[in-house]
>>> print(open('model_15.txt').read())   # compact mmCIF, C-alpha atoms and all ligand atoms
# COMPACT_ATOMS: atom_id res chain seq x y z
CA MET A 1 112.84 105.91 115.15
CA ARG A 2 112.54 103.02 112.77
CA LEU A 3 111.04 103.59 109.34
CA ILE A 4 110.18 101.28 106.49
CA LEU A 5 110.56 102.54 102.94
CA VAL A 6 108.53 100.68 100.32
CA GLU A 7 109.85 101.81 96.93
CA ASP A 8 110.70 99.74 93.87
CA ASN A 9 112.95 102.29 92.18
CA GLU A 10 116.27 101.20 93.63
CA ARG A 11 118.19 104.34 92.85
CA LEU A 12 115.52 106.50 94.46
CA ALA A 13 115.23 104.16 97.45
CA GLU A 14 119.00 104.32 97.91
CA SER A 15 119.07 108.11 97.87
CA ILE A 16 116.03 108.53 100.15
CA GLY A 17 117.37 105.85 102.49
CA GLN A 18 120.80 107.43 102.76
CA GLY A 19 119.28 110.89 103.24
CA LEU A 20 117.13 109.68 106.14
CA VAL A 21 119.98 107.74 107.76
CA ASP A 22 121.96 111.00 107.67
CA GLU A 23 119.01 112.64 109.45
CA GLY A 24 119.25 110.03 112.21
CA PHE A 25 116.49 107.58 111.25
CA VAL A 26 116.84 103.80 111.18
CA ILE A 27 115.44 102.64 107.86
CA ASP A 28 114.55 99.29 106.28
CA ARG A 29 113.88 99.07 102.56
CA CYS A 30 111.51 96.85 100.56
CA GLY A 31 110.69 96.90 96.85
CA THR A 32 107.38 95.02 96.82
CA LEU A 33 104.10 94.84 98.73
CA ALA A 34 104.83 91.22 99.64
CA THR A 35 108.18 91.97 101.32
CA ALA A 36 106.64 95.02 103.01
CA ARG A 37 103.90 92.83 104.51
CA GLN A 38 106.50 90.37 105.79
CA ALA A 39 108.60 93.10 107.36
CA LEU A 40 105.55 94.76 108.95
CA ALA A 41 104.45 91.44 110.44
CA ALA A 42 107.86 90.83 111.94
CA ALA A 43 109.00 94.17 113.28
CA HIS A 44 107.76 97.41 114.77
CA TYR A 45 107.92 100.51 112.62
CA ASP A 46 107.14 104.05 113.72
CA LEU A 47 106.38 105.23 110.19
CA ILE A 48 105.76 103.77 106.73
CA LEU A 49 107.02 105.58 103.60
CA LEU A 50 105.06 104.16 100.72
CA ASP A 51 105.31 104.40 96.95
CA LEU A 52 102.01 103.62 95.21
CA GLY A 53 103.15 102.03 91.95
CA LEU A 54 104.77 98.76 93.06
CA PRO A 55 105.54 95.67 90.95
CA ASP A 56 103.02 93.45 92.75
CA GLY A 57 100.23 95.95 93.30
CA ASP A 58 99.10 99.35 94.48
CA GLY A 59 100.44 100.74 97.75
CA MET A 60 96.88 101.81 98.58
CA GLU A 61 96.02 98.13 99.11
CA LEU A 62 98.59 97.96 101.88
CA ILE A 63 97.20 101.06 103.60
CA ARG A 64 93.65 99.74 103.43
CA SER A 65 94.59 96.33 104.80
CA LEU A 66 96.57 97.87 107.67
CA ARG A 67 93.76 100.24 108.62
CA ARG A 68 91.16 97.45 108.43
CA ARG A 69 93.22 95.55 110.99
CA GLY A 70 93.38 98.61 113.23
CA VAL A 71 97.08 99.29 112.61
CA ALA A 72 97.53 103.02 113.21
CA THR A 73 101.17 103.38 112.12
CA PRO A 74 101.44 106.68 110.22
CA VAL A 75 101.81 106.34 106.44
CA LEU A 76 103.49 108.95 104.26
CA VAL A 77 102.82 108.33 100.57
CA ILE A 78 105.59 109.25 98.13
CA THR A 79 104.41 109.20 94.57
CA ALA A 80 105.01 110.48 91.06
CA ARG A 81 102.75 113.33 90.04
CA ASP A 82 100.82 111.18 87.57
CA GLY A 83 100.27 108.57 90.28
CA LEU A 84 98.58 111.13 92.48
CA GLY A 85 95.18 111.12 90.80
CA ASP A 86 91.94 111.36 92.64
CA ARG A 87 92.74 108.52 94.97
CA ILE A 88 95.11 110.44 97.17
CA ARG A 89 93.14 113.67 97.21
CA GLY A 90 91.71 114.13 100.67
CA LEU A 91 93.86 111.28 101.94
CA ASP A 92 90.70 109.27 102.52
CA SER A 93 92.51 106.01 101.95
CA GLY A 94 94.06 106.19 105.42
CA ALA A 95 97.37 107.79 104.45
CA ASP A 96 98.51 110.53 106.80
CA ASP A 97 100.48 112.71 104.40
CA TYR A 98 102.00 112.62 100.94
CA LEU A 99 104.88 114.05 98.98
CA VAL A 100 105.11 114.30 95.21
CA LYS A 101 108.38 113.24 93.57
CA PRO A 102 110.85 114.79 93.18
CA PHE A 103 111.31 116.24 96.63
CA ALA A 104 114.20 117.31 98.84
CA THR A 105 115.24 114.83 101.53
CA ALA A 106 115.23 117.67 104.07
CA GLU A 107 111.52 118.18 103.39
CA LEU A 108 110.82 114.45 103.66
CA ALA A 109 112.69 114.29 106.99
CA ALA A 110 110.72 117.28 108.29
CA ARG A 111 107.40 115.65 107.31
CA CYS A 112 108.49 112.39 108.99
CA ARG A 113 109.34 114.18 112.20
CA ALA A 114 105.98 115.99 112.13
CA LEU A 115 104.10 112.69 111.77
CA LEU A 116 106.15 111.04 114.51
CA ARG A 117 105.38 113.89 116.93
CA ARG A 118 101.66 113.41 116.51
CA PRO A 119 99.89 111.89 119.49
CA GLY A 120 97.99 108.66 119.06
CA GLY A 121 100.62 107.13 116.82
CA SER A 122 102.12 103.74 117.30
CA LEU A 123 104.66 104.83 119.92
CA GLY A 124 104.62 103.27 123.34
CA THR A 125 103.23 99.87 122.33
CA VAL A 126 103.83 97.13 124.87
CA LEU A 127 103.67 93.53 123.64
CA GLU A 128 102.84 90.91 126.28
CA ALA A 129 102.75 87.14 126.65
CA GLY A 130 102.35 85.49 130.04
CA ASN A 131 104.53 87.38 132.52
CA LEU A 132 106.79 88.71 129.74
CA SER A 133 106.52 92.14 128.15
CA LEU A 134 108.42 94.21 125.60
CA ASP A 135 108.09 97.98 125.27
CA VAL A 136 108.82 98.28 121.56
CA ALA A 137 109.69 101.99 121.60
CA ARG A 138 112.01 101.82 124.63
CA ARG A 139 113.29 98.32 123.69
CA GLU A 140 112.80 97.23 127.31
CA VAL A 141 112.07 93.62 128.17
CA ARG A 142 110.47 92.77 131.50
CA VAL A 143 109.54 89.57 133.29
CA ASP A 144 106.86 90.42 135.84
CA ALA A 145 108.05 93.96 136.59
CA ARG A 146 111.78 93.18 136.49
CA LEU A 147 113.90 94.58 133.68
CA VAL A 148 115.81 91.90 131.72
CA GLU A 149 119.06 92.93 130.01
CA MET A 150 118.91 91.87 126.36
CA PRO A 151 121.13 92.67 123.37
CA PRO A 152 119.49 94.20 120.25
CA ARG A 153 119.49 91.02 118.15
CA GLU A 154 117.70 88.96 120.78
CA THR A 155 115.27 91.81 121.43
CA ALA A 156 114.42 91.95 117.71
CA LEU A 157 113.92 88.19 117.67
CA LEU A 158 111.70 88.34 120.73
CA GLU A 159 109.68 91.16 119.16
CA ALA A 160 109.00 89.10 116.03
CA LEU A 161 107.87 86.16 118.20
CA LEU A 162 105.73 88.29 120.50
CA ARG A 163 103.98 89.97 117.57
CA ASN A 164 102.84 86.51 116.52
CA SER A 165 102.49 84.92 119.93
CA GLY A 166 101.03 81.41 119.69
CA ARG A 167 101.72 81.25 115.94
CA ILE A 168 104.72 80.09 113.94
CA VAL A 169 107.08 82.82 112.77
CA THR A 170 108.86 81.66 109.61
CA LYS A 171 112.61 81.88 109.22
CA SER A 172 112.18 84.37 106.38
CA ALA A 173 110.12 86.64 108.66
CA ILE A 174 112.89 86.39 111.26
CA ASP A 175 115.45 87.28 108.56
CA ALA A 176 113.38 90.38 107.78
CA ALA A 177 113.23 91.35 111.46
CA LEU A 178 116.99 91.03 111.89
CA TYR A 179 117.91 92.60 108.57
CA ALA A 180 117.52 96.10 109.99
CA LEU A 181 120.27 95.41 112.51
CA HIS A 182 122.64 94.74 109.61
CA SER A 183 123.70 91.66 111.47
CA ASP A 184 124.63 88.23 110.25
CA VAL A 185 121.32 86.50 109.47
CA SER A 186 122.67 83.11 108.38
CA PRO A 187 120.51 80.22 109.65
CA ASN A 188 123.24 79.32 112.14
CA ALA A 189 123.30 82.86 113.51
CA ILE A 190 119.52 82.81 113.98
CA ASP A 191 119.65 79.43 115.74
CA ALA A 192 122.45 80.66 118.01
CA ALA A 193 120.54 83.84 118.88
CA LEU A 194 117.43 81.73 119.55
CA SER A 195 119.36 79.50 121.97
CA ARG A 196 120.68 82.50 123.84
CA LEU A 197 117.20 84.03 123.97
CA ARG A 198 115.75 80.78 125.35
CA ARG A 199 118.40 80.59 128.07
CA ARG A 200 117.98 84.24 128.97
CA LEU A 201 114.19 83.94 129.25
CA ALA A 202 114.46 80.76 131.33
CA ALA A 203 117.01 82.39 133.66
CA ALA A 204 114.67 85.36 134.11
CA ASN A 205 111.78 82.99 134.96
CA ALA A 206 109.66 83.98 131.98
CA LYS A 207 106.58 81.77 131.75
CA VAL A 208 106.87 81.31 128.00
CA GLN A 209 108.50 78.72 125.78
CA ILE A 210 109.97 79.09 122.31
CA MET A 211 109.02 76.02 120.28
CA THR A 212 110.86 74.92 117.14
CA ALA A 213 108.82 73.99 114.06
CA HIS A 214 111.57 72.06 112.26
CA GLY A 215 112.45 73.50 108.88
CA ILE A 216 109.73 76.18 109.18
CA GLY A 217 110.38 78.53 112.04
CA TYR A 218 109.62 79.16 115.70
CA SER A 219 106.69 80.04 117.89
CA LEU A 220 106.42 81.61 121.30
CA MET A 221 103.92 79.85 123.53
CA THR A 222 102.49 80.77 126.92
CA PRO A 223 101.15 78.02 129.25
CA VAL A 224 97.63 78.94 128.03
CA ASP A 225 98.61 78.43 124.35
CA GLN A 226 100.23 75.10 125.20
CA ALA A 227 97.16 73.84 127.05
CA ALA A 228 95.02 74.76 124.03
CA THR A 229 97.40 72.89 121.70
CA ASP A 230 97.57 69.81 123.95
CA HIS A 231 93.79 69.48 124.04
CA GLY A 232 93.31 69.82 120.32
CA CA B 301 107.17 102.79 91.81
>>> encode(input="model_15.txt", output="structure tokens")
Amino acid sequence: MRLILVEDNERLAESIGQGLVDEGFVIDRCGTLATARQALAAAHYDLILLDLGLPDGDGMELIRSLRRRGVATPVLVITARDGLGDRIRGLDSGADDYLVKPFATAELAARCRALLRRPGGSLGTVLEAGNLSLDVARREVRVDARLVEMPPRETALLEALLRNSGRIVTKSAIDAALYALHSDVSPNAIDAALSRLRRRLAAANAKVQIMTAHGIGYSLMTPVDQAATDHG
């Protein structure tokens, strides 16, 4: 289960993050709305832990924009008592649950597990492009119906590209997607992983191509996308 924690208080983020890792969660941390948006665009998360008072805005804005776009990922708001106010009462903003600081990590972990058990969440999403698909929860890549063996770093890269199929994914978005794997995200490492991913997809007969936008990033194109680009 992969969680994203959006919290600008570093000490608190560190202690919550460590507590949840100890409880068996995979957790990425961001301190601003802007970095949270980047991470959410690039990777799949099963749950969002969200502080409201952030340096570049109110966490509520993020919830509203996600819900407007039909993103159903559960959101657990963590907030100081004086940040609670009327806004959170009734959870009508689209948050699924909230906890008032300070709280015990064991309680937070229990609330996370409860939200993740709920049906209708974001589990089981399958991303598709051409004859290629990725089951984001199972981390299974298929071409037609055949399973393709793929290491975690390439799978994370592919996920970021598939989530933005037909559009350019910037290098910083790719950094964010790979950050969770605690792997080397130097530009050379990304390029090398991209080359391996290209070869692997070609060998598996995937009808997609990864294009390079020099100095900007990469995009995953299906034959349909390419025809549209060629003809204007
Ligand atoms: Ca804060």
>>> residues_around(input="model_15.txt", residues="A:Val21", least_positions_apart="2", cutoff="12 Å", atoms="only C-alpha atoms", output="number ranges by chain")
A: 1-5, 13-19, 23-29, 105-106, 109
>>> write_last_selection(input="model_15.txt", atoms="C-alpha atoms", output="tab-separated table (two decimals), keeping the file's coordinate frame")
chain	number	residue	atom	x	y	z
A	1	MET	CA	112.84	105.91	115.15
A	2	ARG	CA	112.54	103.02	112.77
A	3	LEU	CA	111.04	103.59	109.34
A	4	ILE	CA	110.18	101.28	106.49
A	5	LEU	CA	110.56	102.54	102.94
A	13	ALA	CA	115.23	104.16	97.45
A	14	GLU	CA	119.00	104.32	97.91
A	15	SER	CA	119.07	108.11	97.87
A	16	ILE	CA	116.03	108.53	100.15
A	17	GLY	CA	117.37	105.85	102.49
A	18	GLN	CA	120.80	107.43	102.76
A	19	GLY	CA	119.28	110.89	103.24
A	23	GLU	CA	119.01	112.64	109.45
A	24	GLY	CA	119.25	110.03	112.21
A	25	PHE	CA	116.49	107.58	111.25
A	26	VAL	CA	116.84	103.80	111.18
A	27	ILE	CA	115.44	102.64	107.86
A	28	ASP	CA	114.55	99.29	106.28
A	29	ARG	CA	113.88	99.07	102.56
A	105	THR	CA	115.24	114.83	101.53
A	106	ALA	CA	115.23	117.67	104.07
A	109	ALA	CA	112.69	114.29	106.99
>>> closest_residue(input="model_15.txt", among="A:Gly53, A:Pro223, A:Pro151, A:Gly31", to="ligand CA 301 (chain B)", atoms="all atoms listed in the file")
A:Gly53
>>> closest_residue(input="model_15.txt", among="A:Glu154, A:Asp46, A:Asp175, A:Asp51", to="A:Leu201", atoms="all atoms listed in the file")
A:Glu154
>>> atom_distance(input="model_15.txt", atom1="atom CA of A:Leu52", atom2="atom CA of A:Ala34")
13.5 Å
>>> residues_near_ligand(input="model_15.txt", ligand="ligand CA 301 (chain B)", cutoff="10 Å", atoms="only C-alpha atoms and all ligand atoms", output="short mmCIF file (atom, residue, chain, number, x, y, z; two decimals) with C-alpha atoms, in the frame of the given file")
data_model
loop_
_atom_site.label_atom_id
_atom_site.label_comp_id
_atom_site.auth_asym_id
_atom_site.auth_seq_id
_atom_site.Cartn_x
_atom_site.Cartn_y
_atom_site.Cartn_z
CA VAL A 6 108.53 100.68 100.32
CA GLU A 7 109.85 101.81 96.93
CA ASP A 8 110.70 99.74 93.87
CA ASN A 9 112.95 102.29 92.18
CA GLU A 10 116.27 101.20 93.63
CA LEU A 12 115.52 106.50 94.46
CA ALA A 13 115.23 104.16 97.45
CA GLY A 31 110.69 96.90 96.85
CA THR A 32 107.38 95.02 96.82
CA LEU A 50 105.06 104.16 100.72
CA ASP A 51 105.31 104.40 96.95
CA LEU A 52 102.01 103.62 95.21
CA GLY A 53 103.15 102.03 91.95
CA LEU A 54 104.77 98.76 93.06
CA PRO A 55 105.54 95.67 90.95
CA GLY A 57 100.23 95.95 93.30
CA ASP A 58 99.10 99.35 94.48
CA GLY A 59 100.44 100.74 97.75
CA ILE A 78 105.59 109.25 98.13
CA THR A 79 104.41 109.20 94.57
CA ALA A 80 105.01 110.48 91.06
CA GLY A 83 100.27 108.57 90.28
#
>>> atom_distance(input="model_15.txt", atom1="atom CA of A:Ala36", atom2="atom CA of A:Asp97")
18.8 Å
>>> closest_residue(input="model_15.txt", among="A:Leu49, A:Ala202, A:Met211, A:Leu157", to="A:Arg111", atoms="only C-alpha atoms")
A:Leu49
>>> axis_aligned_box(input="model_15.txt", around="stretch 57-73 of chain A", padding_each_side="4 Å", output="AutoDock Vina command-line options")
--center_x 96.2 --center_y 99.5 --center_z 103.3 --size_x 18.0 --size_y 15.8 --size_z 27.9
>>> closest_residue(input="model_15.txt", among="A:Leu108, A:Glu128, A:Leu134, A:His44", to="A:Thr222", atoms="only C-alpha atoms")
A:Glu128
>>> atom_distance(input="model_15.txt", atom1="atom CA of A:Leu20", atom2="atom CA of A:Leu33")
21.1 Å
>>> closest_residue(input="model_15.txt", among="A:Ala41, A:Gly94, A:Thr35, A:Glu140", to="A:Asp56", atoms="all atoms listed in the file")
A:Thr35
>>> residues_near_point(input="model_15.txt", point="(113.8, 87.6, 117.1)", cutoff="12 Å", atoms="only C-alpha atoms", output="PyMOL selection string")
chain A and resi 42-44+150-165+169-181+185+189-198+210+217-220
>>> closest_residue(input="model_15.txt", among="A:Val71, A:Met60, A:Leu132, A:Leu40", to="A:Ala206", atoms="all atoms listed in the file")
A:Leu132
